[in-house]
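Raw protein34.cif, mmCIF, C-alpha atoms, pLDDT in the B column; chains and numbers go by the auth columns:
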data_data
#
loop_
_atom_site.group_PDB
_atom_site.id
_atom_site.type_symbol
_atom_site.label_atom_id
_atom_site.label_comp_id
_atom_site.label_asym_id
_atom_site.label_seq_id
_atom_site.Cartn_x
_atom_site.Cartn_y
_atom_site.Cartn_z
_atom_site.B_iso_or_equiv
_atom_site.auth_seq_id
_atom_site.auth_asym_id
ATOM 1 C CA MET A 1 -17.706 -52.975 71.239 30.00 1 A
ATOM 2 C CA ARG A 2 -21.313 -53.958 70.562 32.00 2 A
ATOM 3 C CA TYR A 3 -22.618 -57.482 71.093 25.00 3 A
ATOM 4 C CA THR A 4 -25.464 -59.111 69.214 26.00 4 A
ATOM 5 C CA ALA A 5 -27.211 -62.448 68.895 26.00 5 A
ATOM 6 C CA VAL A 6 -25.599 -65.324 67.009 33.00 6 A
ATOM 7 C CA HIS A 7 -27.924 -68.093 65.834 31.00 7 A
ATOM 8 C CA VAL A 8 -26.363 -71.520 65.284 32.00 8 A
ATOM 9 C CA PRO A 9 -27.677 -74.901 64.099 30.00 9 A
ATOM 10 C CA THR A 10 -25.662 -78.094 64.584 29.00 10 A
ATOM 11 C CA TRP A 11 -22.157 -78.014 63.095 28.00 11 A
ATOM 12 C CA LEU A 12 -18.834 -79.731 63.571 28.00 12 A
ATOM 13 C CA ALA A 13 -15.346 -78.270 63.871 32.00 13 A
ATOM 14 C CA VAL A 14 -12.093 -80.176 63.525 32.00 14 A
ATOM 15 C CA ILE A 15 -9.088 -78.288 64.897 32.00 15 A
ATOM 16 C CA SER A 16 -5.392 -79.104 64.429 30.00 16 A
ATOM 17 C CA ILE A 17 -2.696 -78.203 66.973 28.00 17 A
ATOM 18 C CA GLY A 18 1.058 -77.924 66.640 28.00 18 A
ATOM 19 C CA LEU A 19 2.212 -80.894 68.689 25.00 19 A
ATOM 20 C CA GLY A 20 0.090 -83.272 66.681 28.00 20 A
ATOM 21 C CA VAL A 21 -3.455 -83.333 65.424 27.00 21 A
ATOM 22 C CA LEU A 22 -6.270 -83.306 67.908 28.00 22 A
ATOM 23 C CA SER A 23 -9.817 -83.572 66.615 30.00 23 A
ATOM 24 C CA ILE A 24 -12.325 -81.577 68.586 31.00 24 A
ATOM 25 C CA ILE A 25 -15.972 -82.109 67.748 29.00 25 A
ATOM 26 C CA LEU A 26 -18.153 -79.133 68.599 33.00 26 A
ATOM 27 C CA SER A 27 -21.850 -80.034 68.290 31.00 27 A
ATOM 28 C CA LEU A 28 -24.060 -77.008 68.871 31.00 28 A
ATOM 29 C CA ALA A 29 -27.872 -76.914 68.991 27.00 29 A
ATOM 30 C CA LEU A 30 -29.828 -73.862 67.846 27.00 30 A
ATOM 31 C CA LEU A 31 -28.960 -71.094 70.310 30.00 31 A
ATOM 32 C CA SER A 32 -28.035 -67.456 70.839 32.00 32 A
ATOM 33 C CA ALA A 33 -24.613 -65.999 71.659 38.00 33 A
ATOM 34 C CA SER A 34 -22.641 -62.776 71.856 41.00 34 A
ATOM 35 C CA ALA A 35 -20.353 -61.366 69.165 46.00 35 A
ATOM 36 C CA GLN A 36 -18.144 -58.321 68.909 49.00 36 A
ATOM 37 C CA GLU A 37 -18.586 -55.409 66.517 49.00 37 A
ATOM 38 C CA GLY A 38 -22.365 -55.683 66.245 50.00 38 A
ATOM 39 C CA PHE A 39 -22.419 -58.463 63.665 49.00 39 A
ATOM 40 C CA ASP A 40 -25.572 -60.589 63.457 50.00 40 A
ATOM 41 C CA ILE A 41 -24.211 -64.029 62.609 46.00 41 A
ATOM 42 C CA ASP A 42 -26.460 -66.750 61.225 48.00 42 A
ATOM 43 C CA PHE A 43 -24.849 -70.187 61.208 44.00 43 A
ATOM 44 C CA SER A 44 -27.219 -71.497 58.536 45.00 44 A
ATOM 45 C CA GLU A 45 -24.972 -73.913 56.659 44.00 45 A
ATOM 46 C CA VAL A 46 -22.290 -76.409 57.607 42.00 46 A
ATOM 47 C CA PRO A 47 -19.501 -75.422 58.029 56.00 47 A
ATOM 48 C CA THR A 48 -19.991 -71.873 56.651 65.00 48 A
ATOM 49 C CA VAL A 49 -21.153 -68.958 58.783 59.00 49 A
ATOM 50 C CA HIS A 50 -23.240 -66.249 57.075 53.00 50 A
ATOM 51 C CA PHE A 51 -23.681 -62.763 58.528 50.00 51 A
ATOM 52 C CA PRO A 52 -24.501 -59.221 57.329 46.00 52 A
ATOM 53 C CA ALA A 53 -21.755 -56.591 57.249 46.00 53 A
ATOM 54 C CA GLY A 54 -21.834 -53.307 55.397 47.00 54 A
ATOM 55 C CA GLY A 55 -25.188 -54.081 53.810 58.00 55 A
ATOM 56 C CA GLN A 56 -24.135 -57.399 52.303 56.00 56 A
ATOM 57 C CA ILE A 57 -23.941 -61.011 53.376 62.00 57 A
ATOM 58 C CA VAL A 58 -20.447 -62.415 53.904 57.00 58 A
ATOM 59 C CA SER A 59 -19.381 -65.923 54.810 74.00 59 A
ATOM 60 C CA ALA A 60 -16.982 -67.201 57.446 73.00 60 A
ATOM 61 C CA TYR A 61 -15.388 -70.613 57.151 84.00 61 A
ATOM 62 C CA PRO A 62 -12.953 -72.773 59.127 85.00 62 A
ATOM 63 C CA ALA A 63 -9.624 -70.988 59.283 89.00 63 A
ATOM 64 C CA PHE A 64 -6.784 -71.801 56.923 90.00 64 A
ATOM 65 C CA GLU A 65 -4.242 -74.056 58.575 90.00 65 A
ATOM 66 C CA ASP A 66 -1.648 -71.324 59.131 93.00 66 A
ATOM 67 C CA TYR A 67 -4.083 -69.209 61.164 95.00 67 A
ATOM 68 C CA SER A 68 -5.184 -72.215 63.170 92.00 68 A
ATOM 69 C CA PHE A 69 -1.558 -73.038 63.979 94.00 69 A
ATOM 70 C CA MET A 70 -0.962 -69.406 64.988 97.00 70 A
ATOM 71 C CA LEU A 71 -3.751 -69.679 67.537 96.00 71 A
ATOM 72 C CA PHE A 72 -2.457 -72.906 69.017 93.00 72 A
ATOM 73 C CA ASP A 73 1.143 -71.686 69.029 97.00 73 A
ATOM 74 C CA ILE A 74 -0.066 -68.755 71.133 98.00 74 A
ATOM 75 C CA CYS A 75 -1.929 -71.107 73.437 96.00 75 A
ATOM 76 C CA ASP A 76 1.175 -73.249 73.873 96.00 76 A
ATOM 77 C CA ALA A 77 3.302 -70.182 74.641 98.00 77 A
ATOM 78 C CA VAL A 78 0.984 -68.799 77.320 97.00 78 A
ATOM 79 C CA GLY A 79 0.281 -72.212 78.826 96.00 79 A
ATOM 80 C CA PHE A 80 -3.332 -72.571 77.717 96.00 80 A
ATOM 81 C CA THR A 81 -4.708 -76.033 77.008 92.00 81 A
ATOM 82 C CA ILE A 82 -7.738 -77.479 75.286 88.00 82 A
ATOM 83 C CA ASP A 83 -8.446 -79.713 78.279 86.00 83 A
ATOM 84 C CA GLY A 84 -8.436 -76.666 80.533 86.00 84 A
ATOM 85 C CA GLY A 85 -10.830 -74.856 78.210 85.00 85 A
ATOM 86 C CA ASP A 86 -8.637 -71.791 77.638 89.00 86 A
ATOM 87 C CA CYS A 87 -7.732 -72.943 74.138 91.00 87 A
ATOM 88 C CA LEU A 88 -10.945 -74.739 73.227 89.00 88 A
ATOM 89 C CA ILE A 89 -11.526 -72.258 70.411 92.00 89 A
ATOM 90 C CA TYR A 90 -12.831 -72.554 66.853 86.00 90 A
ATOM 91 C CA PRO A 91 -10.774 -70.311 64.480 91.00 91 A
ATOM 92 C CA MET A 92 -12.496 -68.973 61.348 88.00 92 A
ATOM 93 C CA ASN A 93 -11.710 -66.680 58.409 91.00 93 A
ATOM 94 C CA ALA A 94 -14.078 -64.188 56.795 88.00 94 A
ATOM 95 C CA SER A 95 -14.146 -60.926 54.852 84.00 95 A
ATOM 96 C CA ILE A 96 -15.363 -58.521 57.535 84.00 96 A
ATOM 97 C CA GLY A 97 -13.923 -55.216 56.388 85.00 97 A
ATOM 98 C CA GLY A 98 -10.365 -55.815 57.529 90.00 98 A
ATOM 99 C CA ASN A 99 -11.296 -56.739 61.066 91.00 99 A
ATOM 100 C CA ALA A 100 -11.247 -59.579 63.572 92.00 100 A
ATOM 101 C CA LEU A 101 -13.673 -60.541 66.300 88.00 101 A
ATOM 102 C CA ALA A 102 -14.182 -62.883 69.214 88.00 102 A
ATOM 103 C CA THR A 103 -17.457 -64.728 69.780 77.00 103 A
ATOM 104 C CA VAL A 104 -18.814 -67.084 72.412 66.00 104 A
ATOM 105 C CA VAL A 105 -21.452 -69.593 71.313 59.00 105 A
ATOM 106 C CA ASP A 106 -23.114 -71.332 74.251 57.00 106 A
ATOM 107 C CA GLY A 107 -19.792 -71.379 76.091 64.00 107 A
ATOM 108 C CA ASN A 108 -17.810 -72.380 72.973 71.00 108 A
ATOM 109 C CA LYS A 109 -15.240 -69.807 71.888 83.00 109 A
ATOM 110 C CA VAL A 110 -14.789 -68.581 68.305 84.00 110 A
ATOM 111 C CA ILE A 111 -12.279 -66.191 66.710 91.00 111 A
ATOM 112 C CA VAL A 112 -12.973 -64.781 63.234 90.00 112 A
ATOM 113 C CA TYR A 113 -10.016 -63.239 61.363 94.00 113 A
ATOM 114 C CA ASP A 114 -10.146 -61.352 58.059 94.00 114 A
ATOM 115 C CA ARG A 115 -7.250 -62.518 55.881 95.00 115 A
ATOM 116 C CA GLU A 116 -7.225 -59.096 54.173 95.00 116 A
ATOM 117 C CA LEU A 117 -5.345 -57.901 57.246 96.00 117 A
ATOM 118 C CA SER A 118 -2.336 -60.108 56.564 96.00 118 A
ATOM 119 C CA PRO A 119 -0.828 -58.127 53.662 96.00 119 A
ATOM 120 C CA LEU A 120 -0.989 -55.036 55.885 96.00 120 A
ATOM 121 C CA VAL A 121 0.520 -56.490 59.058 97.00 121 A
ATOM 122 C CA GLY A 122 2.438 -59.577 57.939 97.00 122 A
ATOM 123 C CA SER A 123 2.652 -62.906 59.719 97.00 123 A
ATOM 124 C CA ASP A 124 3.695 -61.406 63.054 98.00 124 A
ATOM 125 C CA GLY A 125 0.837 -58.933 62.900 98.00 125 A
ATOM 126 C CA ALA A 126 -1.684 -61.639 62.066 98.00 126 A
ATOM 127 C CA GLU A 127 -0.514 -63.630 65.068 98.00 127 A
ATOM 128 C CA MET A 128 -0.775 -60.561 67.313 98.00 128 A
ATOM 129 C CA ILE A 129 -4.323 -59.846 66.135 98.00 129 A
ATOM 130 C CA ILE A 130 -5.312 -63.425 66.902 98.00 130 A
ATOM 131 C CA ALA A 131 -3.601 -63.084 70.301 98.00 131 A
ATOM 132 C CA HIS A 132 -5.581 -59.898 70.919 98.00 132 A
ATOM 133 C CA GLU A 133 -8.866 -61.710 70.209 96.00 133 A
ATOM 134 C CA LEU A 134 -7.760 -64.596 72.429 97.00 134 A
ATOM 135 C CA GLY A 135 -7.165 -61.955 75.087 97.00 135 A
ATOM 136 C CA HIS A 136 -10.808 -60.881 74.833 96.00 136 A
ATOM 137 C CA HIS A 137 -11.837 -64.460 75.542 95.00 137 A
ATOM 138 C CA HIS A 138 -9.332 -64.946 78.353 96.00 138 A
ATOM 139 C CA CYS A 139 -10.137 -61.620 80.038 96.00 139 A
ATOM 140 C CA ARG A 140 -13.882 -62.394 79.894 94.00 140 A
ATOM 141 C CA HIS A 141 -14.780 -59.286 77.930 95.00 141 A
ATOM 142 C CA LEU A 142 -17.609 -60.612 75.794 90.00 142 A
ATOM 143 C CA GLY A 143 -21.110 -59.640 76.785 86.00 143 A
ATOM 144 C CA ARG A 144 -19.911 -56.821 79.038 91.00 144 A
ATOM 145 C CA PRO A 145 -20.623 -53.092 78.599 93.00 145 A
ATOM 146 C CA VAL A 146 -18.492 -51.039 76.221 91.00 146 A
ATOM 147 C CA ASP A 147 -15.221 -50.013 77.846 95.00 147 A
ATOM 148 C CA PRO A 148 -12.067 -49.018 75.912 96.00 148 A
ATOM 149 C CA ARG A 149 -9.977 -50.501 78.714 97.00 149 A
ATOM 150 C CA LYS A 150 -10.997 -53.931 77.470 97.00 150 A
ATOM 151 C CA GLU A 151 -9.019 -53.254 74.286 97.00 151 A
ATOM 152 C CA LEU A 152 -6.001 -52.249 76.339 98.00 152 A
ATOM 153 C CA GLN A 153 -6.228 -55.444 78.390 98.00 153 A
ATOM 154 C CA ALA A 154 -6.411 -57.509 75.196 98.00 154 A
ATOM 155 C CA ASP A 155 -3.449 -55.538 73.844 98.00 155 A
ATOM 156 C CA ALA A 156 -1.444 -56.243 76.997 98.00 156 A
ATOM 157 C CA PHE A 157 -2.306 -59.919 76.656 98.00 157 A
ATOM 158 C CA ALA A 158 -1.115 -59.881 73.025 98.00 158 A
ATOM 159 C CA GLY A 159 2.133 -58.212 74.099 98.00 159 A
ATOM 160 C CA ALA A 160 2.630 -60.911 76.742 98.00 160 A
ATOM 161 C CA ALA A 161 1.936 -63.617 74.173 98.00 161 A
ATOM 162 C CA ALA A 162 4.534 -62.101 71.844 98.00 162 A
ATOM 163 C CA LYS A 163 7.188 -62.141 74.580 98.00 163 A
ATOM 164 C CA LEU A 164 6.366 -65.743 75.513 98.00 164 A
ATOM 165 C CA LEU A 165 6.508 -66.727 71.831 98.00 165 A
ATOM 166 C CA GLY A 166 10.055 -65.343 71.746 98.00 166 A
ATOM 167 C CA LYS A 167 9.107 -62.429 69.500 98.00 167 A
ATOM 168 C CA SER A 168 10.759 -59.029 69.622 98.00 168 A
ATOM 169 C CA LEU A 169 8.948 -55.920 70.822 98.00 169 A
ATOM 170 C CA GLU A 170 9.034 -54.736 67.215 98.00 170 A
ATOM 171 C CA ALA A 171 7.119 -57.860 66.180 98.00 171 A
ATOM 172 C CA ALA A 172 4.654 -57.343 69.031 98.00 172 A
ATOM 173 C CA LEU A 173 3.988 -53.849 67.689 98.00 173 A
ATOM 174 C CA SER A 174 3.610 -54.943 64.066 97.00 174 A
ATOM 175 C CA THR A 175 -0.082 -53.992 63.951 97.00 175 A
ATOM 176 C CA VAL A 176 0.470 -50.420 65.139 95.00 176 A
ATOM 177 C CA GLN A 177 0.225 -48.878 61.681 94.00 177 A
ATOM 178 C CA ILE A 178 -3.392 -49.991 61.270 95.00 178 A
ATOM 179 C CA LEU A 179 -4.548 -48.770 64.688 95.00 179 A
ATOM 180 C CA ASP A 180 -6.571 -45.568 64.850 94.00 180 A
ATOM 181 C CA LYS A 181 -4.594 -42.552 66.008 95.00 181 A
ATOM 182 C CA ARG A 182 -7.611 -41.079 67.775 96.00 182 A
ATOM 183 C CA PRO A 183 -9.796 -42.703 70.438 95.00 183 A
ATOM 184 C CA SER A 184 -13.385 -43.767 69.839 94.00 184 A
ATOM 185 C CA ARG A 185 -16.275 -44.873 72.023 93.00 185 A
ATOM 186 C CA THR A 186 -14.970 -48.447 71.938 91.00 186 A
ATOM 187 C CA HIS A 187 -11.221 -48.147 71.327 94.00 187 A
ATOM 188 C CA PRO A 188 -8.365 -46.120 72.866 96.00 188 A
ATOM 189 C CA ASP A 189 -5.969 -44.106 70.741 97.00 189 A
ATOM 190 C CA ARG A 190 -2.879 -45.582 69.141 97.00 190 A
ATOM 191 C CA LYS A 191 -0.492 -44.207 71.755 97.00 191 A
ATOM 192 C CA ASP A 192 -2.328 -45.881 74.632 97.00 192 A
ATOM 193 C CA ARG A 193 -2.510 -49.157 72.748 98.00 193 A
ATOM 194 C CA VAL A 194 1.220 -49.116 72.057 98.00 194 A
ATOM 195 C CA THR A 195 1.771 -48.511 75.774 98.00 195 A
ATOM 196 C CA ALA A 196 -0.430 -51.495 76.675 98.00 196 A
ATOM 197 C CA ILE A 197 1.243 -53.854 74.191 98.00 197 A
ATOM 198 C CA THR A 198 4.666 -52.756 75.416 98.00 198 A
ATOM 199 C CA ALA A 199 3.653 -53.242 79.055 98.00 199 A
ATOM 200 C CA GLY A 200 2.462 -56.777 78.316 98.00 200 A
ATOM 201 C CA TRP A 201 5.686 -57.565 76.510 98.00 201 A
ATOM 202 C CA ASN A 202 7.794 -56.190 79.381 98.00 202 A
ATOM 203 C CA ASP A 203 5.771 -58.020 82.055 98.00 203 A
ATOM 204 C CA PRO A 204 4.126 -61.061 80.453 98.00 204 A
ATOM 205 C CA GLU A 205 2.733 -62.391 83.734 98.00 205 A
ATOM 206 C CA ALA A 206 0.831 -59.149 84.275 98.00 206 A
ATOM 207 C CA GLY A 207 -0.292 -59.132 80.640 98.00 207 A
ATOM 208 C CA LYS A 208 -1.566 -62.715 80.910 97.00 208 A
ATOM 209 C CA ALA A 209 -3.488 -61.625 84.018 97.00 209 A
ATOM 210 C CA CYS A 210 -5.192 -58.837 82.001 97.00 210 A
ATOM 211 C CA MET A 211 -3.469 -56.218 84.179 96.00 211 A
ATOM 212 C CA LEU A 212 -2.591 -52.740 82.968 93.00 212 A
ATOM 213 C CA PRO A 213 0.262 -50.534 84.244 83.00 213 A
#

Could you show the structure in this file as structure tokens?
Amino acid sequence: MRYTAVHVPTWLAVISIGLGVLSIILSLALLSASAQEGFDIDFSEVPTVHFPAGGQIVSAYPAFEDYSFMLFDICDAVGFTIDGGDCLIYPMNASIGGNALATVVDGNKVIVYDRELSPLVGSDGAEMIIAHELGHHHCRHLGRPVDPRKELQADAFAGAAAKLLGKSLEAALSTVQILDKRPSRTHPDRKDRVTAITAGWNDPEAGKACMLP
């Protein structure tokens, strides 16, 4: 995937987690960062994020509560904590052409999820997409050269997360129908991605470690 600059003035994020409510204040000065999919993101208002996509400006905003809880349920399942930094992530929603992306802003992690995906993949699929983006963060993919194997590692991580959440393999594979059948410069084909998700589900420790069979 491509990575571009993200410009951010000061903003605050308050994040809720499943075992209670923990307020996390993220104060960010004007800076640059890396984002997936080649989006130029301009954080020009609080708390909305504006960025161009498909020739028009769209807005991202703090994620609806259900998506935020999905993220923190995943973190709980895989043993990530906010204190440890693995789950210190700001979830957002936006209309980005039925996509999702991971971003790092001056060391602060962001996941943007397009809610238009949910009618296509259901609740399990939404959670797996968020797990996939968390995998990009955990596997340290952002800012690195394009490599389709990064998608497979994130898929394996999502499969591991599904197993640790107590989900079936069928649930782990609930996004398969929207995956491209053919490979591209940035993404493997559907068959390879199914293999990676399945491998992560079968061996969650390897999936958490971003290992492929």

**Request:** Fewer than 2 positions away in the same chain doesn't count, so skip those; otherwise give me all residues within 6 Å of region 107-119 of chain A, counting only C-alpha atoms, as a PyMOL selection string.
**Result:** chain A and resi 89-96+98-105+121-122+126

**Request:** Please evaluate the PyMOL selection byres ((chain A and resi 169) around 12) against the structure above and give the resulting residues as a PyMOL selection string.
**Result:** chain A and resi 124-125+128+158-168+170-176+194-204

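Picture a line from CA of Phe64 (chain A) to CA of Arg144 (chain A); it runs 29.8 Å.
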
**Asked** Nearest to Leu212 (chain A): which of A:Glu151, A:Glu65, A:Glu133, A:Asp189 is it, counting all atoms listed in the file?
**Response**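 That would be A:Glu151, the residue with the smallest distance to Leu212 (chain A).
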
**Message:** With distances taken over all atoms listed in the file, which residue among A:Lys208, A:Lys181, A:Pro148, A:Asp73 lies nearest Gly135 (chain A)?
**Reply:**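 Of A:Lys208, A:Lys181, A:Pro148, A:Asp73, the one nearest Gly135 (chain A) is A:Lys208, counting all atoms listed in the file.
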
**Request:** Name every residue that the PyMOL selection byres ((chain A and resi 190) around 6) selects in this structure, writing the answer as a list in words with chains first and numbers rising.
**Result:**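 With the shown file as input, the PyMOL selection byres ((chain A and resi 190) around 6) matches Leu179, Asp180, Lys181, Asp189, Lys191, Asp192 and Arg193 of chain A.
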
**Pairwise distance for CA of Ile74 (chain A) and CA of Ser59 (chain A), rounded to one decimal in Å** = 25.4 Å

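One distance worth recording is that between CA of Gly84 (chain A) and CA of Gln153 (chain A), which is 21.4 Å.
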